[in-house]
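S.K.: Here's a structure for you.
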Amino acid sequence: MPPLLEVRRLSLETVAHGQKRRLLRDVSFEIETGEIVALVGESGSGKTLTALAIARLLPNNVRQHAGEIRLGGERIDALAEEAMCRIRGKRIGMIFQEPMTSLNPVLTVGFQVEEGMRIHGFPASEVRRRAKEYLAAVRFRDPERIFRSYPHELSGGERQRAMIAAVLAPSPELVIADEPTTALDVTIQKEILEVLRELQSRGTPEDSSGKTSFLFISHDLAVVSEIADRILVLYRGSLVEVGPPEKVLSAPAHPYTKALLDAIPRERLRLPEPPPGDEGEGEENEPEGKCIYFSRCPLADAVCRKEPGLSGLEGRQEHRVKCVKPLLGTGKE
Ligand SMILES: Nc1ncnc2c1ncn2[C@@H]1O[C@H](COP(=O)(O)OP(=O)(O)O)[C@@H](O)[C@H]1O
Ligand SMILES: [Mg+2]
């Protein structure tokens with residue numbers, strides 16, 4: 001069985017004023033059925049573009065320069081737009097940071113929870129029942145009332161739960177959640193994470209065998225540590241470390257991951273804001289061969305100037321790192 005999602009050596013670039021700029025380079029990972037994979041990295045590292053590339057919703061000025069994306073073994077990055085429309089919403093669901101912008105203010109919540117199922121051909125008799133079932137599953141005590149409400153009548157956390165119901169009701173195989181809790185305060189954040197976990201682990205109400213897979217995107221390692229089966233750390237468009245949370249969080253192997261963790265207060269592993277104006281640093285493409293973290297790494301030396309550390313991310317070990325001098329064994333504190 002191929003993995004549910006397979007991203008192979010994905011590279012994205014943009015062209016501005018005749019200058020190409022690489023936004024994602026050689027990103028490879030897979031998501032198995034029922035797995036929650038978290039993609040973390042500071043703002044501007046390329047998380048949202050990775051999500052948009054998978055759903056084929058890239059901005060016009062960004063293009064896939066290389067790589068392959070497969071869903072259930074079938075390439076989807078080369079599909080025609082119509083075919084992709086059938087996949088979006090039905091097989092791949094997307095949850096975004098700000099539910100006010102993804103819910104239509106002039107339509108009822110109920111209409112919008114039903115919409116995806118209608119578009120994707122669920123029988124009319126099932127649509128209403130499932131909509132209410134999912135509103136209950138995201139912990140609304142009175143799904144009937146919420147069904148008839150408009151988005152502005154709900155709080156931010158409620159809107160996000162409504163959005164989750166809408167995205168999950170058509171039973172997508174893969175849900176991409178891009179900073180789904182970032183706009184919410186900490187208690188609400190926790191509730192949303194619990195809801196996602198619950199929905200993920202039980203599968204759909206009628207088909208508990210079909211466990212949903214998640215690509216869960218966050219800049220916040222604390223949030224990620226609560227939900228991820230596996231963590232991918234992205235730095236300036238490159239994956240630098242991949243592994244299970246217990247390894248990545250307690251014994252990070254890449255100096256960047258360690259820096260992220262060190263900057264987080266122990267009680268709530270939260271990431272700091274990136275420095276102002278740091279958009280991933282930049283126009284200038286690094287000279288080939290140099291480690292991508294060279295300019296910020298406290299441990300960089302002459303070897304790192306010549307050696308990108310690429311090979312470390314190849315292979316099948318569960319904990320992998322793109323660094324020639326990984327902190328393995330020394331990352332524990
Ligand atoms: N439409 C675009 N055109 C040019 N550059 C873009 C575009 N969208 C994003 N970028 C750049 O790509 C990088 C990654 O962006 P993004 O994926 O949004 O980061 P993240 O979601 O991790 O904060 C950033 O440096 C950003 O400025
Ligand atoms: Mg983003």
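We label chains A, B, ... in the order they appear in the structure tokens, count residues from 1 in each chain, and number ligands from 1 in the order shown.
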Please identify all protein, DNA and RNA residues within 12 Å of ligand 2, counting only C-alpha atoms and all ligand atoms, and report them as a list in words.
M.R.: Leu39, Val40, Gly41, Glu42, Ser43, Gly44, Ser45, Gly46, Lys47, Thr48, Leu49, Thr50, Ala51, Leu52, Phe96, Gln97, Glu98, Ala177, Asp178, Glu179, Pro180, Thr182, Phe216, Ile217, Ser218, His219, Asp220, Leu234 and Glu279 of chain A
S.K.: For the residues in that selection, give me N, CA and C atoms as an mmCIF file, in the first residue's frame.
M.R.:
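Here's the written file part_24.cif:
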data_model
loop_
_atom_site.group_PDB
_atom_site.id
_atom_site.type_symbol
_atom_site.label_atom_id
_atom_site.label_comp_id
_atom_site.auth_asym_id
_atom_site.auth_seq_id
_atom_site.Cartn_x
_atom_site.Cartn_y
_atom_site.Cartn_z
ATOM 1 N N LEU A 39 3.624 20.071 10.609
ATOM 2 C CA LEU A 39 4.658 20.837 9.912
ATOM 3 C C LEU A 39 4.872 22.116 10.716
ATOM 4 N N VAL A 40 6.082 22.257 11.267
ATOM 5 C CA VAL A 40 6.368 23.452 12.078
ATOM 6 C C VAL A 40 7.538 24.236 11.509
ATOM 7 N N GLY A 41 7.568 25.506 11.860
ATOM 8 C CA GLY A 41 8.638 26.376 11.413
ATOM 9 C C GLY A 41 8.176 27.802 11.648
ATOM 10 N N GLU A 42 9.132 28.717 11.729
ATOM 11 C CA GLU A 42 8.740 30.097 12.007
ATOM 12 C C GLU A 42 8.018 30.690 10.803
ATOM 13 N N SER A 43 7.431 31.866 11.033
ATOM 14 C CA SER A 43 6.679 32.535 9.984
ATOM 15 C C SER A 43 7.563 32.769 8.762
ATOM 16 N N GLY A 44 7.047 32.477 7.591
ATOM 17 C CA GLY A 44 7.798 32.681 6.354
ATOM 18 C C GLY A 44 8.625 31.477 5.935
ATOM 19 N N SER A 45 8.532 30.365 6.683
ATOM 20 C CA SER A 45 9.376 29.213 6.350
ATOM 21 C C SER A 45 8.821 28.406 5.175
ATOM 22 N N GLY A 46 7.540 28.615 4.822
ATOM 23 C CA GLY A 46 6.995 27.918 3.661
ATOM 24 C C GLY A 46 5.897 26.917 3.989
ATOM 25 N N LYS A 47 5.347 27.004 5.197
ATOM 26 C CA LYS A 47 4.329 26.039 5.618
ATOM 27 C C LYS A 47 3.055 26.166 4.781
ATOM 28 N N THR A 48 2.561 27.408 4.673
ATOM 29 C CA THR A 48 1.317 27.610 3.930
ATOM 30 C C THR A 48 1.499 27.254 2.461
ATOM 31 N N LEU A 49 2.632 27.608 1.891
ATOM 32 C CA LEU A 49 2.861 27.267 0.477
ATOM 33 C C LEU A 49 2.884 25.755 0.277
ATOM 34 N N THR A 50 3.422 25.022 1.235
ATOM 35 C CA THR A 50 3.409 23.559 1.143
ATOM 36 C C THR A 50 1.961 23.062 1.081
ATOM 37 N N ALA A 51 1.123 23.621 1.973
ATOM 38 C CA ALA A 51 -0.294 23.224 1.990
ATOM 39 C C ALA A 51 -0.969 23.579 0.672
ATOM 40 N N LEU A 52 -0.717 24.778 0.195
ATOM 41 C CA LEU A 52 -1.367 25.231 -1.040
ATOM 42 C C LEU A 52 -0.899 24.411 -2.245
ATOM 43 N N PHE A 96 -8.514 26.593 7.659
ATOM 44 C CA PHE A 96 -7.571 27.715 7.724
ATOM 45 C C PHE A 96 -7.621 28.403 9.074
ATOM 46 N N GLN A 97 -6.700 29.344 9.226
ATOM 47 C CA GLN A 97 -6.535 30.025 10.508
ATOM 48 C C GLN A 97 -7.771 30.834 10.910
ATOM 49 N N GLU A 98 -8.320 31.587 9.984
ATOM 50 C CA GLU A 98 -9.364 32.538 10.363
ATOM 51 C C GLU A 98 -10.708 32.098 9.806
ATOM 52 N N ALA A 177 -4.768 21.317 7.961
ATOM 53 C CA ALA A 177 -5.197 22.364 8.878
ATOM 54 C C ALA A 177 -4.037 23.345 9.036
ATOM 55 N N ASP A 178 -4.198 24.545 8.491
ATOM 56 C CA ASP A 178 -3.117 25.530 8.503
ATOM 57 C C ASP A 178 -3.328 26.531 9.635
ATOM 58 N N GLU A 179 -2.574 26.390 10.698
ATOM 59 C CA GLU A 179 -2.677 27.235 11.886
ATOM 60 C C GLU A 179 -4.126 27.334 12.377
ATOM 61 N N PRO A 180 -4.793 26.184 12.578
ATOM 62 C CA PRO A 180 -6.225 26.254 12.873
ATOM 63 C C PRO A 180 -6.540 26.848 14.234
ATOM 64 N N THR A 182 -4.376 29.292 15.772
ATOM 65 C CA THR A 182 -3.496 30.428 16.037
ATOM 66 C C THR A 182 -4.249 31.702 16.422
ATOM 67 N N PHE A 216 -1.021 18.889 9.935
ATOM 68 C CA PHE A 216 -1.345 19.919 10.905
ATOM 69 C C PHE A 216 -0.220 20.943 10.922
ATOM 70 N N ILE A 217 -0.530 22.162 10.512
ATOM 71 C CA ILE A 217 0.502 23.186 10.360
ATOM 72 C C ILE A 217 0.436 24.175 11.499
ATOM 73 N N SER A 218 1.581 24.454 12.106
ATOM 74 C CA SER A 218 1.606 25.463 13.157
ATOM 75 C C SER A 218 3.008 26.023 13.311
ATOM 76 N N HIS A 219 3.088 27.280 13.752
ATOM 77 C CA HIS A 219 4.395 27.832 14.084
ATOM 78 C C HIS A 219 4.714 27.494 15.543
ATOM 79 N N ASP A 220 3.761 26.858 16.220
ATOM 80 C CA ASP A 220 3.809 26.722 17.674
ATOM 81 C C ASP A 220 4.099 25.268 18.073
ATOM 82 N N LEU A 234 10.499 22.784 9.341
ATOM 83 C CA LEU A 234 10.812 23.469 8.093
ATOM 84 C C LEU A 234 11.586 24.744 8.415
ATOM 85 N N GLU A 279 11.626 37.604 6.528
ATOM 86 C CA GLU A 279 10.722 36.858 5.648
ATOM 87 C C GLU A 279 11.411 35.599 5.168
#
S.K.: Check which residues of range 131-182 of chain A sit at most 12 Å from range 65-81 of chain A using only C-alpha atoms, and return one row each with the closest pair of atoms and their distance in Å to one decimal, ordered by chain and rising number, as CSV.
M.R.:
residue,atom,partner,partner_atom,distance
A:Pro172,CA,A:Leu71,CA,11.9
A:Glu173,CA,A:Leu71,CA,9.4
A:Leu174,CA,A:Leu71,CA,9.1
S.K.: Return the single residue from A:Leu196, A:Ile31, A:Ala228, A:Leu239 that is closest to ligand 1, with distances computed using only C-alpha atoms and all ligand atoms.
M.R.: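 The answer is A:Leu239, which sits nearest to ligand 1.
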S.K.: What does the structure give for the distance between CA of Ala53 in chain A and CA of Lys322 in chain A, in Å to one decimal?
M.R.: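 Calculated distance between CA of Ala53 in chain A and CA of Lys322 in chain A is 22.5 Å.
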S.K.: CA of His120 in chain A and CA of Ala136 in chain A, how far apart in Å?
M.R.: 21.6 Å
S.K.: Among range 70-264 of chain A, which residues carry a DSSP assignment of alpha helix (DSSP H), reported as a PyMOL selection string?
M.R.: chain A and resi 81-87+99-102+109-119+124-137+143-148+156-168+186-202+221-227+245-250+255-262
S.K.: Using only C-alpha atoms, find the one residue out of A:Ala166, A:Ala124, A:Ile227, A:Val324 that sits nearest to Ala300 in chain A.
M.R.: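 Once distances to Ala300 in chain A are computed over only C-alpha atoms, the minimum belongs to A:Val324.
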S.K.: Show which residues sit within 8 Å of Arg148 in chain A, as a PyMOL selection string. Count only C-alpha atoms, and ignore same-chain residues fewer than 5 positions away.
M.R.: chain A and resi 108-110
S.K.: Tell me which protein, DNA and RNA residues are within 8 Å of Gly157 in chain A, counting only C-alpha atoms, leaving out same-chain ones fewer than 2 positions away, and put them as a list in words.
M.R.: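 Within the cut-off, the hits are Leu154, Ser155, Arg159, Gln160, Arg161, Leu184, Ile188, Gln189 and Ile192 of chain A.
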S.K.: Let's see if you can do this: from backbone DSSP, list all strand (DSSP E) residues in range 110-257 of chain A, as a PDB file with N, CA and C atoms, in the first residue's frame.
M.R.:
ATOM      1  N   LEU A 174      -7.756  13.147   3.780  1.00  0.00           N
ATOM      2  CA  LEU A 174      -6.680  13.988   4.314  1.00  0.00           C
ATOM      3  C   LEU A 174      -7.245  15.363   4.659  1.00  0.00           C
ATOM      4  N   VAL A 175      -6.928  15.829   5.870  1.00  0.00           N
ATOM      5  CA  VAL A 175      -7.308  17.186   6.240  1.00  0.00           C
ATOM      6  C   VAL A 175      -6.028  17.992   6.422  1.00  0.00           C
ATOM      7  N   ILE A 176      -5.964  19.119   5.735  1.00  0.00           N
ATOM      8  CA  ILE A 176      -4.838  20.030   5.916  1.00  0.00           C
ATOM      9  C   ILE A 176      -5.340  21.175   6.779  1.00  0.00           C
ATOM     10  N   ALA A 177      -4.768  21.317   7.961  1.00  0.00           N
ATOM     11  CA  ALA A 177      -5.197  22.364   8.878  1.00  0.00           C
ATOM     12  C   ALA A 177      -4.037  23.345   9.036  1.00  0.00           C
ATOM     13  N   ASP A 178      -4.198  24.545   8.491  1.00  0.00           N
ATOM     14  CA  ASP A 178      -3.117  25.530   8.503  1.00  0.00           C
ATOM     15  C   ASP A 178      -3.328  26.531   9.635  1.00  0.00           C
ATOM     16  N   SER A 213      -6.439  11.277   7.976  1.00  0.00           N
ATOM     17  CA  SER A 213      -5.048  11.714   8.139  1.00  0.00           C
ATOM     18  C   SER A 213      -5.023  13.233   8.199  1.00  0.00           C
ATOM     19  N   PHE A 214      -4.050  13.757   8.936  1.00  0.00           N
ATOM     20  CA  PHE A 214      -3.943  15.208   9.059  1.00  0.00           C
ATOM     21  C   PHE A 214      -2.552  15.698   8.713  1.00  0.00           C
ATOM     22  N   LEU A 215      -2.510  16.801   7.973  1.00  0.00           N
ATOM     23  CA  LEU A 215      -1.296  17.606   7.930  1.00  0.00           C
ATOM     24  C   LEU A 215      -1.618  18.824   8.769  1.00  0.00           C
ATOM     25  N   PHE A 216      -1.021  18.889   9.935  1.00  0.00           N
ATOM     26  CA  PHE A 216      -1.345  19.919  10.905  1.00  0.00           C
ATOM     27  C   PHE A 216      -0.220  20.943  10.922  1.00  0.00           C
ATOM     28  N   ILE A 217      -0.530  22.162  10.512  1.00  0.00           N
ATOM     29  CA  ILE A 217       0.502  23.186  10.360  1.00  0.00           C
ATOM     30  C   ILE A 217       0.436  24.175  11.499  1.00  0.00           C
ATOM     31  N   SER A 218       1.581  24.454  12.106  1.00  0.00           N
ATOM     32  CA  SER A 218       1.606  25.463  13.157  1.00  0.00           C
ATOM     33  C   SER A 218       3.008  26.023  13.311  1.00  0.00           C
ATOM     34  N   ARG A 230       3.951  12.699  14.262  1.00  0.00           N
ATOM     35  CA  ARG A 230       5.263  12.898  13.673  1.00  0.00           C
ATOM     36  C   ARG A 230       5.429  14.392  13.410  1.00  0.00           C
ATOM     37  N   ILE A 231       6.657  14.872  13.522  1.00  0.00           N
ATOM     38  CA  ILE A 231       6.910  16.308  13.347  1.00  0.00           C
ATOM     39  C   ILE A 231       7.899  16.531  12.205  1.00  0.00           C
ATOM     40  N   LEU A 232       7.559  17.495  11.344  1.00  0.00           N
ATOM     41  CA  LEU A 232       8.470  17.935  10.286  1.00  0.00           C
ATOM     42  C   LEU A 232       8.864  19.366  10.620  1.00  0.00           C
ATOM     43  N   VAL A 233      10.159  19.640  10.662  1.00  0.00           N
ATOM     44  CA  VAL A 233      10.606  20.999  10.960  1.00  0.00           C
ATOM     45  C   VAL A 233      11.111  21.644   9.675  1.00  0.00           C
ATOM     46  N   LEU A 234      10.499  22.784   9.341  1.00  0.00           N
ATOM     47  CA  LEU A 234      10.812  23.469   8.093  1.00  0.00           C
ATOM     48  C   LEU A 234      11.586  24.744   8.415  1.00  0.00           C
ATOM     49  N   TYR A 235      12.685  24.965   7.711  1.00  0.00           N
ATOM     50  CA  TYR A 235      13.446  26.197   7.888  1.00  0.00           C
ATOM     51  C   TYR A 235      13.748  26.784   6.522  1.00  0.00           C
ATOM     52  N   SER A 238      13.221  24.510   3.528  1.00  0.00           N
ATOM     53  CA  SER A 238      13.801  23.160   3.533  1.00  0.00           C
ATOM     54  C   SER A 238      13.429  22.436   4.823  1.00  0.00           C
ATOM     55  N   LEU A 239      13.134  21.154   4.710  1.00  0.00           N
ATOM     56  CA  LEU A 239      12.961  20.372   5.930  1.00  0.00           C
ATOM     57  C   LEU A 239      14.335  20.168   6.548  1.00  0.00           C
ATOM     58  N   VAL A 240      14.448  20.400   7.848  1.00  0.00           N
ATOM     59  CA  VAL A 240      15.744  20.195   8.493  1.00  0.00           C
ATOM     60  C   VAL A 240      15.724  19.038   9.490  1.00  0.00           C
ATOM     61  N   GLU A 241      14.529  18.668   9.946  1.00  0.00           N
ATOM     62  CA  GLU A 241      14.449  17.541  10.883  1.00  0.00           C
ATOM     63  C   GLU A 241      13.070  16.905  10.788  1.00  0.00           C
ATOM     64  N   VAL A 242      13.045  15.583  10.899  1.00  0.00           N
ATOM     65  CA  VAL A 242      11.814  14.820  10.808  1.00  0.00           C
ATOM     66  C   VAL A 242      11.867  13.746  11.875  1.00  0.00           C
ATOM     67  N   GLY A 243      10.814  13.602  12.660  1.00  0.00           N
ATOM     68  CA  GLY A 243      10.834  12.519  13.647  1.00  0.00           C
ATOM     69  C   GLY A 243       9.617  12.526  14.542  1.00  0.00           C
TER      70      GLY A 243
END
S.K.: May I ask which of the residues A:Ile164, A:Leu5, A:Leu12, A:Ala251 is the closest one to ligand 1, counting only C-alpha atoms and all ligand atoms?
M.R.: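 Closest residue, counting only C-alpha atoms and all ligand atoms: A:Leu12.
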S.K.: When you look at Val138 in chain A with a cut-off of 12 Å (counting only C-alpha atoms), what residues show up, excluding the ones that are within fewer than 3 positions of it in the same chain? I need them as a PDB file with C-alpha atoms, in the first residue's frame.
M.R.:
ATOM      1  CA  VAL A 113     -21.859  22.453   6.634  1.00  0.00           C
ATOM      2  CA  ALA A 131     -24.565  17.969   9.105  1.00  0.00           C
ATOM      3  CA  LYS A 132     -26.206  17.812  12.522  1.00  0.00           C
ATOM      4  CA  GLU A 133     -24.183  14.780  13.494  1.00  0.00           C
ATOM      5  CA  TYR A 134     -20.952  16.625  12.747  1.00  0.00           C
ATOM      6  CA  LEU A 135     -22.096  19.763  14.562  1.00  0.00           C
ATOM      7  CA  ARG A 141     -24.657  21.162  22.698  1.00  0.00           C
ATOM      8  CA  ASP A 142     -27.504  22.467  20.579  1.00  0.00           C
ATOM      9  CA  PRO A 143     -26.683  21.549  16.969  1.00  0.00           C
ATOM     10  CA  ILE A 146     -26.151  26.342  15.547  1.00  0.00           C
ATOM     11  CA  GLY A 157     -13.825  29.246  18.695  1.00  0.00           C
ATOM     12  CA  GLU A 158     -17.377  28.261  17.717  1.00  0.00           C
ATOM     13  CA  ARG A 159     -16.811  29.392  14.156  1.00  0.00           C
ATOM     14  CA  GLN A 160     -13.682  27.305  13.986  1.00  0.00           C
ATOM     15  CA  ARG A 161     -15.594  24.277  15.282  1.00  0.00           C
ATOM     16  CA  ALA A 162     -18.328  24.919  12.686  1.00  0.00           C
ATOM     17  CA  MET A 163     -15.650  25.092  10.021  1.00  0.00           C
ATOM     18  CA  ILE A 164     -14.189  21.792  11.209  1.00  0.00           C
ATOM     19  CA  ALA A 165     -17.648  20.213  10.971  1.00  0.00           C
ATOM     20  CA  ALA A 166     -18.035  21.555   7.428  1.00  0.00           C
ATOM     21  CA  VAL A 167     -14.645  20.252   6.328  1.00  0.00           C
ATOM     22  CA  LEU A 168     -14.978  16.842   7.970  1.00  0.00           C
ATOM     23  CA  ALA A 169     -18.608  16.115   7.046  1.00  0.00           C
ATOM     24  CA  GLU A 191     -10.661  22.518  22.938  1.00  0.00           C
ATOM     25  CA  ILE A 192     -10.134  22.692  19.161  1.00  0.00           C
ATOM     26  CA  LEU A 193      -7.169  20.332  19.433  1.00  0.00           C
ATOM     27  CA  GLU A 194      -9.266  17.876  21.458  1.00  0.00           C
ATOM     28  CA  VAL A 195     -12.059  18.048  18.896  1.00  0.00           C
ATOM     29  CA  LEU A 196      -9.631  17.378  16.047  1.00  0.00           C
ATOM     30  CA  ARG A 197      -8.056  14.478  17.914  1.00  0.00           C
ATOM     31  CA  GLU A 198     -11.454  12.953  18.650  1.00  0.00           C
ATOM     32  CA  LEU A 199     -12.673  13.243  15.085  1.00  0.00           C
ATOM     33  CA  GLN A 200      -9.409  11.914  13.764  1.00  0.00           C
ATOM     34  CA  PRO A 205     -19.580   8.635  12.528  1.00  0.00           C
TER      35      PRO A 205
END
S.K.: Have a look at A:Ala183, A:Ala55, A:Leu107, A:Leu23 and name the one nearest to Phe147 in chain A; count only C-alpha atoms.
M.R.: A:Leu107
S.K.: If we count only C-alpha atoms and set the cut-off at 7 Å, which residues sit around Glu307 in chain A, ignoring sequence neighbours fewer than 2 positions away in its own chain? Please answer as a CSV table (one decimal) with N, CA, C and O atoms, in the first residue's frame.
M.R.:
chain,number,residue,atom,x,y,z
A,289,GLY,N,25.8,24.1,-1.9
A,289,GLY,CA,26.8,23.4,-1.1
A,289,GLY,C,26.7,23.8,0.4
A,289,GLY,O,27.0,23.0,1.3
A,290,LYS,N,26.4,25.1,0.6
A,290,LYS,CA,26.4,25.5,2.0
A,290,LYS,C,25.2,25.1,2.8
A,290,LYS,O,24.1,25.0,2.2
A,291,CYS,N,25.3,24.8,4.1
A,291,CYS,CA,24.2,24.5,4.9
A,291,CYS,C,23.2,25.7,4.9
A,291,CYS,O,23.6,26.8,5.1
A,303,VAL,N,33.3,22.9,7.8
A,303,VAL,CA,32.6,21.8,7.1
A,303,VAL,C,31.2,22.2,6.6
A,303,VAL,O,30.8,21.9,5.5
A,304,CYS,N,30.5,23.0,7.5
A,304,CYS,CA,29.1,23.3,7.1
A,304,CYS,C,29.1,24.3,6.0
A,304,CYS,O,28.1,24.5,5.3
A,305,ARG,N,30.2,25.0,5.7
A,305,ARG,CA,30.3,26.0,4.6
A,305,ARG,C,30.3,25.2,3.3
A,305,ARG,O,29.8,25.7,2.3
A,309,GLY,N,24.6,19.0,4.3
A,309,GLY,CA,24.0,18.0,5.2
A,309,GLY,C,22.7,17.3,4.7
A,309,GLY,O,21.9,16.8,5.4
S.K.: Compare A:Ile92, A:Ser28, A:Ser171, A:Arg236 by their minimum atom-to-atom distance to ligand 1, counting only C-alpha atoms and all ligand atoms, and give me the closest one.
M.R.: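 Ranking A:Ile92, A:Ser28, A:Ser171, A:Arg236 by distance to ligand 1, first place goes to A:Arg236.
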S.K.: What separation in Å, quoted to one decimal, exists between CA of Pro170 in chain A and CA of Phe140 in chain A?
M.R.: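 The value is 18.5 Å.
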